[in-house]
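Student: my_file_28.cif is reproduced in full below (mmCIF, N, CA and C atoms).
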```
data_query
loop_
_atom_site.label_atom_id
_atom_site.label_comp_id
_atom_site.auth_asym_id
_atom_site.auth_seq_id
_atom_site.Cartn_x
_atom_site.Cartn_y
_atom_site.Cartn_z
N GLN A 1 -73.48 29.57 -20.04
CA GLN A 1 -72.08 29.48 -20.44
C GLN A 1 -71.19 29.74 -19.23
N VAL A 2 -69.94 29.35 -19.38
CA VAL A 2 -68.94 29.62 -18.35
C VAL A 2 -67.68 30.12 -19.04
N GLN A 3 -67.03 31.08 -18.41
CA GLN A 3 -65.76 31.60 -18.91
C GLN A 3 -64.66 31.12 -17.95
N LEU A 4 -63.54 30.70 -18.55
CA LEU A 4 -62.47 30.10 -17.76
C LEU A 4 -61.16 30.84 -18.00
N VAL A 5 -60.44 31.13 -16.91
CA VAL A 5 -59.16 31.82 -17.01
C VAL A 5 -58.14 31.09 -16.14
N GLU A 6 -57.08 30.59 -16.78
CA GLU A 6 -56.04 29.86 -16.05
C GLU A 6 -54.94 30.81 -15.59
N SER A 7 -54.26 30.40 -14.54
CA SER A 7 -53.08 31.12 -14.05
C SER A 7 -52.20 30.14 -13.29
N GLY A 8 -50.98 30.58 -13.01
CA GLY A 8 -50.09 29.77 -12.18
C GLY A 8 -48.98 29.07 -12.92
N GLY A 9 -48.97 29.18 -14.25
CA GLY A 9 -47.89 28.56 -15.00
C GLY A 9 -46.57 29.29 -14.78
N GLY A 10 -45.50 28.67 -15.25
CA GLY A 10 -44.19 29.27 -15.12
C GLY A 10 -43.09 28.29 -15.46
N VAL A 11 -41.87 28.66 -15.09
CA VAL A 11 -40.71 27.82 -15.33
C VAL A 11 -40.27 27.23 -14.00
N VAL A 12 -40.04 25.93 -13.99
CA VAL A 12 -39.65 25.24 -12.77
C VAL A 12 -38.64 24.16 -13.11
N GLN A 13 -37.76 23.85 -12.19
CA GLN A 13 -36.79 22.79 -12.41
C GLN A 13 -37.45 21.42 -12.21
N ALA A 14 -36.88 20.44 -12.87
CA ALA A 14 -37.38 19.07 -12.70
C ALA A 14 -37.37 18.70 -11.22
N GLY A 15 -38.45 18.04 -10.80
CA GLY A 15 -38.63 17.69 -9.41
C GLY A 15 -39.40 18.71 -8.61
N GLY A 16 -39.60 19.87 -9.19
CA GLY A 16 -40.31 20.94 -8.50
C GLY A 16 -41.81 20.81 -8.60
N SER A 17 -42.51 21.83 -8.08
CA SER A 17 -43.97 21.82 -8.03
C SER A 17 -44.53 23.14 -8.54
N LEU A 18 -45.75 23.05 -9.05
CA LEU A 18 -46.53 24.23 -9.43
C LEU A 18 -47.99 23.93 -9.13
N ARG A 19 -48.74 24.99 -8.84
CA ARG A 19 -50.18 24.84 -8.72
C ARG A 19 -50.86 25.75 -9.73
N LEU A 20 -51.61 25.14 -10.61
CA LEU A 20 -52.39 25.90 -11.58
C LEU A 20 -53.77 26.18 -11.01
N SER A 21 -54.28 27.35 -11.34
CA SER A 21 -55.62 27.73 -10.93
C SER A 21 -56.46 28.06 -12.15
N CYS A 22 -57.75 27.81 -12.04
CA CYS A 22 -58.70 28.13 -13.10
C CYS A 22 -59.88 28.84 -12.46
N ALA A 23 -60.05 30.11 -12.82
CA ALA A 23 -61.16 30.91 -12.30
C ALA A 23 -62.31 30.88 -13.28
N ALA A 24 -63.50 30.55 -12.79
CA ALA A 24 -64.68 30.44 -13.64
C ALA A 24 -65.64 31.57 -13.35
N SER A 25 -66.31 32.03 -14.39
CA SER A 25 -67.36 33.02 -14.22
C SER A 25 -68.52 32.64 -15.14
N GLY A 26 -69.70 33.10 -14.78
CA GLY A 26 -70.88 32.77 -15.57
C GLY A 26 -71.74 31.78 -14.81
N ARG A 27 -72.18 30.75 -15.49
CA ARG A 27 -73.08 29.76 -14.90
C ARG A 27 -72.44 29.07 -13.70
N THR A 28 -73.26 28.59 -12.78
CA THR A 28 -72.80 27.90 -11.58
C THR A 28 -71.83 26.79 -11.93
N LEU A 29 -70.65 26.81 -11.28
CA LEU A 29 -69.60 25.88 -11.62
C LEU A 29 -70.00 24.42 -11.38
N SER A 30 -70.84 24.18 -10.39
CA SER A 30 -71.20 22.82 -10.02
C SER A 30 -71.99 22.10 -11.11
N THR A 31 -72.40 22.81 -12.14
CA THR A 31 -73.12 22.16 -13.24
C THR A 31 -72.17 21.55 -14.27
N TYR A 32 -70.86 21.74 -14.07
CA TYR A 32 -69.87 21.27 -15.03
C TYR A 32 -68.95 20.23 -14.43
N ILE A 33 -68.68 19.20 -15.19
CA ILE A 33 -67.50 18.38 -14.94
C ILE A 33 -66.31 19.19 -15.45
N MET A 34 -65.25 19.26 -14.67
CA MET A 34 -64.10 20.08 -15.02
C MET A 34 -62.88 19.22 -15.28
N GLY A 35 -62.06 19.69 -16.18
CA GLY A 35 -60.86 18.93 -16.51
C GLY A 35 -59.70 19.83 -16.84
N TRP A 36 -58.53 19.22 -16.87
CA TRP A 36 -57.30 19.86 -17.34
C TRP A 36 -56.74 19.04 -18.50
N PHE A 37 -56.32 19.75 -19.53
CA PHE A 37 -55.64 19.15 -20.67
C PHE A 37 -54.32 19.89 -20.85
N ARG A 38 -53.46 19.30 -21.67
CA ARG A 38 -52.20 19.98 -22.00
C ARG A 38 -51.84 19.70 -23.45
N GLN A 39 -51.08 20.62 -24.00
CA GLN A 39 -50.65 20.48 -25.38
C GLN A 39 -49.23 20.99 -25.52
N ALA A 40 -48.35 20.11 -25.97
CA ALA A 40 -46.97 20.47 -26.24
C ALA A 40 -46.82 20.81 -27.72
N PRO A 41 -45.81 21.58 -28.10
CA PRO A 41 -45.62 21.94 -29.50
C PRO A 41 -45.54 20.71 -30.40
N GLY A 42 -46.32 20.72 -31.47
CA GLY A 42 -46.30 19.62 -32.42
C GLY A 42 -47.05 18.39 -31.99
N LYS A 43 -47.71 18.46 -30.83
CA LYS A 43 -48.45 17.30 -30.34
C LYS A 43 -49.93 17.64 -30.19
N GLU A 44 -50.74 16.60 -30.11
CA GLU A 44 -52.17 16.80 -29.91
C GLU A 44 -52.45 17.16 -28.44
N ARG A 45 -53.58 17.80 -28.25
CA ARG A 45 -54.02 18.12 -26.89
C ARG A 45 -54.37 16.82 -26.18
N GLU A 46 -53.88 16.65 -24.96
CA GLU A 46 -54.10 15.40 -24.25
C GLU A 46 -54.71 15.63 -22.87
N PHE A 47 -55.50 14.67 -22.46
CA PHE A 47 -56.15 14.71 -21.16
C PHE A 47 -55.14 14.58 -20.04
N VAL A 48 -55.36 15.35 -18.98
CA VAL A 48 -54.50 15.27 -17.79
C VAL A 48 -55.30 14.78 -16.58
N ALA A 49 -56.42 15.45 -16.29
CA ALA A 49 -57.19 15.10 -15.09
C ALA A 49 -58.60 15.64 -15.21
N ALA A 50 -59.53 15.01 -14.49
CA ALA A 50 -60.91 15.46 -14.45
C ALA A 50 -61.45 15.30 -13.04
N VAL A 51 -62.41 16.15 -12.69
CA VAL A 51 -63.07 16.08 -11.38
C VAL A 51 -64.57 16.20 -11.60
N SER A 52 -65.32 15.38 -10.90
CA SER A 52 -66.78 15.36 -11.05
C SER A 52 -67.41 16.63 -10.48
N ARG A 53 -68.68 16.79 -10.75
CA ARG A 53 -69.38 18.02 -10.37
C ARG A 53 -69.32 18.31 -8.87
N SER A 54 -69.44 17.26 -8.07
CA SER A 54 -69.42 17.45 -6.62
C SER A 54 -68.07 17.12 -6.00
N ALA A 55 -67.07 16.89 -6.84
CA ALA A 55 -65.70 16.61 -6.41
C ALA A 55 -65.55 15.27 -5.69
N ASP A 56 -66.49 14.37 -5.85
CA ASP A 56 -66.37 13.07 -5.19
C ASP A 56 -65.67 12.03 -6.05
N ASN A 57 -65.35 12.39 -7.29
CA ASN A 57 -64.61 11.49 -8.17
C ASN A 57 -63.57 12.27 -8.96
N THR A 58 -62.42 11.61 -9.18
CA THR A 58 -61.37 12.18 -10.01
C THR A 58 -60.80 11.10 -10.94
N ASN A 59 -60.29 11.53 -12.06
CA ASN A 59 -59.58 10.65 -12.99
C ASN A 59 -58.29 11.33 -13.41
N TYR A 60 -57.28 10.51 -13.70
CA TYR A 60 -56.00 11.04 -14.11
C TYR A 60 -55.44 10.23 -15.28
N ALA A 61 -54.68 10.91 -16.12
CA ALA A 61 -53.90 10.21 -17.13
C ALA A 61 -52.83 9.40 -16.42
N ASP A 62 -52.48 8.27 -16.98
CA ASP A 62 -51.46 7.41 -16.36
C ASP A 62 -50.14 8.15 -16.17
N SER A 63 -49.84 9.06 -17.09
CA SER A 63 -48.56 9.76 -17.06
C SER A 63 -48.42 10.71 -15.88
N VAL A 64 -49.54 11.08 -15.25
CA VAL A 64 -49.47 12.04 -14.13
C VAL A 64 -49.99 11.46 -12.83
N LYS A 65 -50.51 10.25 -12.88
CA LYS A 65 -51.10 9.64 -11.68
C LYS A 65 -50.06 9.54 -10.57
N GLY A 66 -50.45 9.96 -9.38
CA GLY A 66 -49.53 9.94 -8.25
C GLY A 66 -48.69 11.19 -8.11
N ARG A 67 -48.68 12.04 -9.13
CA ARG A 67 -47.90 13.28 -9.08
C ARG A 67 -48.79 14.52 -9.11
N PHE A 68 -49.91 14.45 -9.82
CA PHE A 68 -50.81 15.58 -9.97
C PHE A 68 -52.08 15.33 -9.18
N THR A 69 -52.69 16.41 -8.69
CA THR A 69 -53.96 16.33 -7.98
C THR A 69 -54.88 17.43 -8.48
N ILE A 70 -56.09 17.04 -8.90
CA ILE A 70 -57.09 18.01 -9.32
C ILE A 70 -58.05 18.24 -8.17
N ALA A 71 -58.49 19.48 -8.01
CA ALA A 71 -59.44 19.82 -6.96
C ALA A 71 -60.33 20.97 -7.45
N ARG A 72 -61.45 21.15 -6.79
CA ARG A 72 -62.34 22.24 -7.15
C ARG A 72 -62.99 22.80 -5.90
N ASP A 73 -63.36 24.07 -5.98
CA ASP A 73 -64.11 24.74 -4.93
C ASP A 73 -65.27 25.44 -5.62
N ASN A 74 -66.43 24.81 -5.61
CA ASN A 74 -67.57 25.35 -6.35
C ASN A 74 -68.03 26.70 -5.79
N ALA A 75 -67.92 26.88 -4.50
CA ALA A 75 -68.35 28.14 -3.89
C ALA A 75 -67.48 29.29 -4.38
N LYS A 76 -66.19 29.04 -4.54
CA LYS A 76 -65.27 30.07 -5.01
C LYS A 76 -65.15 30.08 -6.54
N LYS A 77 -65.78 29.13 -7.19
CA LYS A 77 -65.73 29.00 -8.66
C LYS A 77 -64.28 28.82 -9.12
N MET A 78 -63.57 27.93 -8.48
CA MET A 78 -62.18 27.70 -8.79
C MET A 78 -61.92 26.21 -9.01
N VAL A 79 -60.99 25.92 -9.91
CA VAL A 79 -60.49 24.58 -10.14
C VAL A 79 -58.96 24.65 -10.06
N TYR A 80 -58.35 23.63 -9.48
CA TYR A 80 -56.92 23.65 -9.27
C TYR A 80 -56.26 22.39 -9.82
N LEU A 81 -55.00 22.53 -10.17
CA LEU A 81 -54.19 21.37 -10.53
C LEU A 81 -52.86 21.51 -9.81
N GLN A 82 -52.67 20.70 -8.77
CA GLN A 82 -51.39 20.67 -8.05
C GLN A 82 -50.48 19.68 -8.75
N MET A 83 -49.32 20.17 -9.16
CA MET A 83 -48.38 19.35 -9.93
C MET A 83 -47.08 19.21 -9.13
N ASN A 84 -46.77 18.01 -8.73
CA ASN A 84 -45.55 17.72 -7.98
C ASN A 84 -44.63 16.82 -8.80
N SER A 85 -43.38 16.75 -8.38
CA SER A 85 -42.39 15.89 -9.05
C SER A 85 -42.40 16.10 -10.55
N LEU A 86 -42.38 17.35 -10.95
CA LEU A 86 -42.49 17.68 -12.38
C LEU A 86 -41.30 17.16 -13.17
N LYS A 87 -41.59 16.77 -14.40
CA LYS A 87 -40.59 16.23 -15.32
C LYS A 87 -40.53 17.11 -16.57
N PRO A 88 -39.41 17.09 -17.28
CA PRO A 88 -39.34 17.87 -18.52
C PRO A 88 -40.46 17.53 -19.50
N GLU A 89 -40.90 16.29 -19.51
CA GLU A 89 -41.97 15.89 -20.44
C GLU A 89 -43.34 16.45 -20.04
N ASP A 90 -43.44 17.08 -18.88
CA ASP A 90 -44.67 17.77 -18.49
C ASP A 90 -44.77 19.16 -19.12
N THR A 91 -43.72 19.61 -19.78
CA THR A 91 -43.72 20.92 -20.42
C THR A 91 -44.81 20.99 -21.48
N ALA A 92 -45.69 21.96 -21.35
CA ALA A 92 -46.82 22.12 -22.28
C ALA A 92 -47.61 23.36 -21.89
N ASN A 93 -48.54 23.69 -22.74
CA ASN A 93 -49.55 24.69 -22.41
C ASN A 93 -50.72 23.93 -21.77
N TYR A 94 -51.12 24.36 -20.58
CA TYR A 94 -52.16 23.66 -19.83
C TYR A 94 -53.47 24.43 -19.93
N TYR A 95 -54.53 23.68 -20.22
CA TYR A 95 -55.86 24.26 -20.42
C TYR A 95 -56.86 23.71 -19.41
N CYS A 96 -57.65 24.61 -18.89
CA CYS A 96 -58.80 24.25 -18.07
C CYS A 96 -60.01 24.13 -18.99
N ALA A 97 -60.88 23.15 -18.71
CA ALA A 97 -62.03 22.93 -19.58
C ALA A 97 -63.24 22.51 -18.77
N GLY A 98 -64.42 22.84 -19.29
CA GLY A 98 -65.66 22.50 -18.63
C GLY A 98 -66.59 21.73 -19.55
N SER A 99 -67.24 20.71 -19.00
CA SER A 99 -68.17 19.89 -19.76
C SER A 99 -69.53 19.97 -19.10
N TYR A 100 -70.57 20.36 -19.87
CA TYR A 100 -71.87 20.65 -19.26
C TYR A 100 -72.78 19.45 -19.19
N GLY A 101 -73.04 18.79 -20.27
CA GLY A 101 -74.09 17.78 -20.31
C GLY A 101 -73.61 16.34 -20.34
N SER A 102 -72.33 16.12 -20.06
CA SER A 102 -71.80 14.77 -20.19
C SER A 102 -71.98 13.96 -18.91
N TYR A 103 -71.70 12.67 -19.00
CA TYR A 103 -71.74 11.76 -17.86
C TYR A 103 -70.32 11.47 -17.39
N TRP A 104 -70.20 11.10 -16.12
CA TRP A 104 -68.88 10.89 -15.55
C TRP A 104 -68.12 9.77 -16.28
N PHE A 105 -68.83 8.74 -16.74
CA PHE A 105 -68.13 7.63 -17.39
C PHE A 105 -67.41 8.07 -18.66
N GLN A 106 -67.78 9.21 -19.22
CA GLN A 106 -67.13 9.73 -20.42
C GLN A 106 -65.78 10.39 -20.13
N HIS A 107 -65.42 10.51 -18.85
CA HIS A 107 -64.24 11.28 -18.47
C HIS A 107 -63.11 10.40 -17.94
N ARG A 108 -63.15 9.12 -18.27
CA ARG A 108 -62.05 8.26 -17.85
C ARG A 108 -60.78 8.62 -18.60
N ASN A 109 -60.85 8.81 -19.87
CA ASN A 109 -59.75 9.27 -20.72
C ASN A 109 -60.38 10.03 -21.89
N PRO A 110 -60.97 11.18 -21.60
CA PRO A 110 -61.81 11.85 -22.59
C PRO A 110 -61.04 12.52 -23.70
N ALA A 111 -61.66 12.55 -24.87
CA ALA A 111 -61.17 13.38 -25.96
C ALA A 111 -61.52 14.83 -25.67
N PRO A 112 -60.78 15.79 -26.21
CA PRO A 112 -61.12 17.20 -25.99
C PRO A 112 -62.55 17.54 -26.40
N SER A 113 -63.11 16.82 -27.35
CA SER A 113 -64.45 17.12 -27.84
C SER A 113 -65.53 16.91 -26.80
N VAL A 114 -65.22 16.20 -25.72
CA VAL A 114 -66.20 16.00 -24.65
C VAL A 114 -66.46 17.30 -23.90
N TYR A 115 -65.52 18.23 -23.99
CA TYR A 115 -65.60 19.48 -23.24
C TYR A 115 -66.11 20.61 -24.12
N ASP A 116 -66.93 21.46 -23.50
CA ASP A 116 -67.61 22.53 -24.24
C ASP A 116 -66.92 23.89 -24.13
N TYR A 117 -66.25 24.12 -23.00
CA TYR A 117 -65.69 25.45 -22.74
C TYR A 117 -64.22 25.31 -22.35
N TRP A 118 -63.43 26.28 -22.82
CA TRP A 118 -61.98 26.22 -22.64
C TRP A 118 -61.43 27.57 -22.22
N GLY A 119 -60.38 27.52 -21.40
CA GLY A 119 -59.63 28.72 -21.12
C GLY A 119 -58.58 28.95 -22.20
N GLN A 120 -57.78 30.00 -22.01
CA GLN A 120 -56.80 30.37 -23.01
C GLN A 120 -55.47 29.63 -22.82
N GLY A 121 -55.30 29.00 -21.68
CA GLY A 121 -54.10 28.22 -21.42
C GLY A 121 -53.07 28.97 -20.61
N THR A 122 -52.23 28.21 -19.92
CA THR A 122 -51.10 28.77 -19.18
C THR A 122 -49.89 27.86 -19.41
N GLN A 123 -48.75 28.46 -19.69
CA GLN A 123 -47.57 27.70 -20.08
C GLN A 123 -46.82 27.18 -18.86
N VAL A 124 -46.47 25.91 -18.92
CA VAL A 124 -45.63 25.28 -17.90
C VAL A 124 -44.37 24.77 -18.58
N THR A 125 -43.23 25.19 -18.10
CA THR A 125 -41.95 24.75 -18.64
C THR A 125 -41.13 24.13 -17.52
N VAL A 126 -40.72 22.88 -17.72
CA VAL A 126 -39.92 22.17 -16.73
C VAL A 126 -38.53 21.97 -17.30
N SER A 127 -37.54 22.54 -16.65
CA SER A 127 -36.16 22.44 -17.13
C SER A 127 -35.46 21.27 -16.45
N SER A 128 -34.55 20.66 -17.21
CA SER A 128 -33.85 19.49 -16.68
C SER A 128 -32.56 19.87 -15.98
#
```
Rewrite the structure from the file as structure tokens, please.

Tutor:
Amino acid sequence: QVQLVESGGGVVQAGGSLRLSCAASGRTLSTYIMGWFRQAPGKEREFVAAVSRSADNTNYADSVKGRFTIARDNAKKMVYLQMNSLKPEDTANYYCAGSYGSYWFQHRNPAPSVYDYWGQGTQVTVSS
């Protein structure tokens, strides 16, 4: 198993930047495909970004492509989401997630059910 704890959320003005961090503990991080999801009030949880086990592949939702960057450091057991050019519609609770036994092709636009482990979330609020 792996335990995930997010940090780095906050309030930022539109056009600003934030970097979210996800600290993992437990099983070796490199055994998991890692992703970020977000959920706004009254909406379903949606995929944001994913990074492969060795960090040689990434996928992004169309809504964040070119603005967000996912990265991981397996040695430090950390996953990051750099968010630039933030918009009010990016306001949501952001979740870090880990997928153990899946294949990379499942992470092009994955449903939350593809992921096995979740953090508690960190709130991002973008003011206009």

Student: Can you tell me how far atom N of Asn74 of chain A sits from atom CA of Gly101 of chain A, in Å to one decimal?

Tutor: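 That distance, rounded to one decimal, is 18.0 Å.
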
Student: Pick from A:Gly98, A:Trp104, A:Gly15, A:Pro88: nearest to Tyr117 of chain A, with all atoms listed in the file counted?

Tutor: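 The closest residue to Tyr117 of chain A is A:Gly98.
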
Student: Run the PyMOL selection byres ((chain A and resi 27-32) around 8) against the file shown and list the residues it catches, as a ChimeraX atom specification.

Tutor: /A:1-3,24-26,33-35,51-55,73-78,97-102

Student: Could you turn the residues from that selection into a file that holds N, CA and C atoms, as a short mmCIF file (atom, residue, chain, number, x, y, z; two decimals), in the frame of the given file?

Tutor:
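Written file, result38.cif:
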```cif
data_model
loop_
_atom_site.label_atom_id
_atom_site.label_comp_id
_atom_site.auth_asym_id
_atom_site.auth_seq_id
_atom_site.Cartn_x
_atom_site.Cartn_y
_atom_site.Cartn_z
N GLN A 1 -73.48 29.57 -20.04
CA GLN A 1 -72.08 29.48 -20.44
C GLN A 1 -71.19 29.74 -19.23
N VAL A 2 -69.94 29.35 -19.38
CA VAL A 2 -68.94 29.62 -18.35
C VAL A 2 -67.68 30.12 -19.04
N GLN A 3 -67.03 31.08 -18.41
CA GLN A 3 -65.76 31.60 -18.91
C GLN A 3 -64.66 31.12 -17.95
N ALA A 24 -63.50 30.55 -12.79
CA ALA A 24 -64.68 30.44 -13.64
C ALA A 24 -65.64 31.57 -13.35
N SER A 25 -66.31 32.03 -14.39
CA SER A 25 -67.36 33.02 -14.22
C SER A 25 -68.52 32.64 -15.14
N GLY A 26 -69.70 33.10 -14.78
CA GLY A 26 -70.88 32.77 -15.57
C GLY A 26 -71.74 31.78 -14.81
N ILE A 33 -68.68 19.20 -15.19
CA ILE A 33 -67.50 18.38 -14.94
C ILE A 33 -66.31 19.19 -15.45
N MET A 34 -65.25 19.26 -14.67
CA MET A 34 -64.10 20.08 -15.02
C MET A 34 -62.88 19.22 -15.28
N GLY A 35 -62.06 19.69 -16.18
CA GLY A 35 -60.86 18.93 -16.51
C GLY A 35 -59.70 19.83 -16.84
N VAL A 51 -62.41 16.15 -12.69
CA VAL A 51 -63.07 16.08 -11.38
C VAL A 51 -64.57 16.20 -11.60
N SER A 52 -65.32 15.38 -10.90
CA SER A 52 -66.78 15.36 -11.05
C SER A 52 -67.41 16.63 -10.48
N ARG A 53 -68.68 16.79 -10.75
CA ARG A 53 -69.38 18.02 -10.37
C ARG A 53 -69.32 18.31 -8.87
N SER A 54 -69.44 17.26 -8.07
CA SER A 54 -69.42 17.45 -6.62
C SER A 54 -68.07 17.12 -6.00
N ALA A 55 -67.07 16.89 -6.84
CA ALA A 55 -65.70 16.61 -6.41
C ALA A 55 -65.55 15.27 -5.69
N ASP A 73 -63.36 24.07 -5.98
CA ASP A 73 -64.11 24.74 -4.93
C ASP A 73 -65.27 25.44 -5.62
N ASN A 74 -66.43 24.81 -5.61
CA ASN A 74 -67.57 25.35 -6.35
C ASN A 74 -68.03 26.70 -5.79
N ALA A 75 -67.92 26.88 -4.50
CA ALA A 75 -68.35 28.14 -3.89
C ALA A 75 -67.48 29.29 -4.38
N LYS A 76 -66.19 29.04 -4.54
CA LYS A 76 -65.27 30.07 -5.01
C LYS A 76 -65.15 30.08 -6.54
N LYS A 77 -65.78 29.13 -7.19
CA LYS A 77 -65.73 29.00 -8.66
C LYS A 77 -64.28 28.82 -9.12
N MET A 78 -63.57 27.93 -8.48
CA MET A 78 -62.18 27.70 -8.79
C MET A 78 -61.92 26.21 -9.01
N ALA A 97 -60.88 23.15 -18.71
CA ALA A 97 -62.03 22.93 -19.58
C ALA A 97 -63.24 22.51 -18.77
N GLY A 98 -64.42 22.84 -19.29
CA GLY A 98 -65.66 22.50 -18.63
C GLY A 98 -66.59 21.73 -19.55
N SER A 99 -67.24 20.71 -19.00
CA SER A 99 -68.17 19.89 -19.76
C SER A 99 -69.53 19.97 -19.10
N TYR A 100 -70.57 20.36 -19.87
CA TYR A 100 -71.87 20.65 -19.26
C TYR A 100 -72.78 19.45 -19.19
N GLY A 101 -73.04 18.79 -20.27
CA GLY A 101 -74.09 17.78 -20.31
C GLY A 101 -73.61 16.34 -20.34
N SER A 102 -72.33 16.12 -20.06
CA SER A 102 -71.80 14.77 -20.19
C SER A 102 -71.98 13.96 -18.91
#
```

Student: I'd like the neighbourhood of Ala40 of chain A as a ChimeraX atom specification, where a residue qualifies if any of its atoms comes within 8 Å (using only N, CA and C atoms), though same-chain residues fewer than 3 positions away should be ignored.

Tutor: /A:37,43-46,90-94

Student: Please dump the current selection as an mmCIF file, keeping the file's coordinate frame; keep N, CA and C atoms.

Tutor:
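Wrote out_29.cif, looks like this:
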```
data_model
loop_
_atom_site.group_PDB
_atom_site.id
_atom_site.type_symbol
_atom_site.label_atom_id
_atom_site.label_comp_id
_atom_site.auth_asym_id
_atom_site.auth_seq_id
_atom_site.Cartn_x
_atom_site.Cartn_y
_atom_site.Cartn_z
ATOM 1 N N PHE A 37 -56.320 19.750 -19.530
ATOM 2 C CA PHE A 37 -55.640 19.150 -20.670
ATOM 3 C C PHE A 37 -54.320 19.890 -20.850
ATOM 4 N N LYS A 43 -47.710 18.460 -30.830
ATOM 5 C CA LYS A 43 -48.450 17.300 -30.340
ATOM 6 C C LYS A 43 -49.930 17.640 -30.190
ATOM 7 N N GLU A 44 -50.740 16.600 -30.110
ATOM 8 C CA GLU A 44 -52.170 16.800 -29.910
ATOM 9 C C GLU A 44 -52.450 17.160 -28.440
ATOM 10 N N ARG A 45 -53.580 17.800 -28.250
ATOM 11 C CA ARG A 45 -54.020 18.120 -26.890
ATOM 12 C C ARG A 45 -54.370 16.820 -26.180
ATOM 13 N N GLU A 46 -53.880 16.650 -24.960
ATOM 14 C CA GLU A 46 -54.100 15.400 -24.250
ATOM 15 C C GLU A 46 -54.710 15.630 -22.870
ATOM 16 N N ASP A 90 -43.440 17.080 -18.880
ATOM 17 C CA ASP A 90 -44.670 17.770 -18.490
ATOM 18 C C ASP A 90 -44.770 19.160 -19.120
ATOM 19 N N THR A 91 -43.720 19.610 -19.780
ATOM 20 C CA THR A 91 -43.720 20.920 -20.420
ATOM 21 C C THR A 91 -44.810 20.990 -21.480
ATOM 22 N N ALA A 92 -45.690 21.960 -21.350
ATOM 23 C CA ALA A 92 -46.820 22.120 -22.280
ATOM 24 C C ALA A 92 -47.610 23.360 -21.890
ATOM 25 N N ASN A 93 -48.540 23.690 -22.740
ATOM 26 C CA ASN A 93 -49.550 24.690 -22.410
ATOM 27 C C ASN A 93 -50.720 23.930 -21.770
ATOM 28 N N TYR A 94 -51.120 24.360 -20.580
ATOM 29 C CA TYR A 94 -52.160 23.660 -19.830
ATOM 30 C C TYR A 94 -53.470 24.430 -19.930
#
```

Student: What's the 7 Å shell around segment 60-66 of chain A, counting all atoms listed in the file, without same-chain residues fewer than 6 positions away, as a PyMOL selection string?

Tutor: chain A and resi 47-50+84+108-109

Student: What does the structure give for the distance between atom CA of Lys87 of chain A and atom CA of Trp118 of chain A, in Å to one decimal?

Tutor: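 Taking atom CA of Lys87 of chain A and atom CA of Trp118 of chain A, their separation equals 24.7 Å.
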
Student: Write out as an MDAnalysis selection string which residues come within 6 Å of Ile70 of chain A when counting all atoms listed in the file, dropping same-chain ones fewer than 4 positions away.

Tutor: chainID A and resid 80:82

Student: Identify which of the residues A:Arg19, A:Tyr95, A:Val114, A:Arg72 lies closest to Arg38 of chain A, counting only C-alpha atoms when measuring atom-to-atom distances.

Tutor: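 The closest residue to Arg38 of chain A is A:Tyr95.
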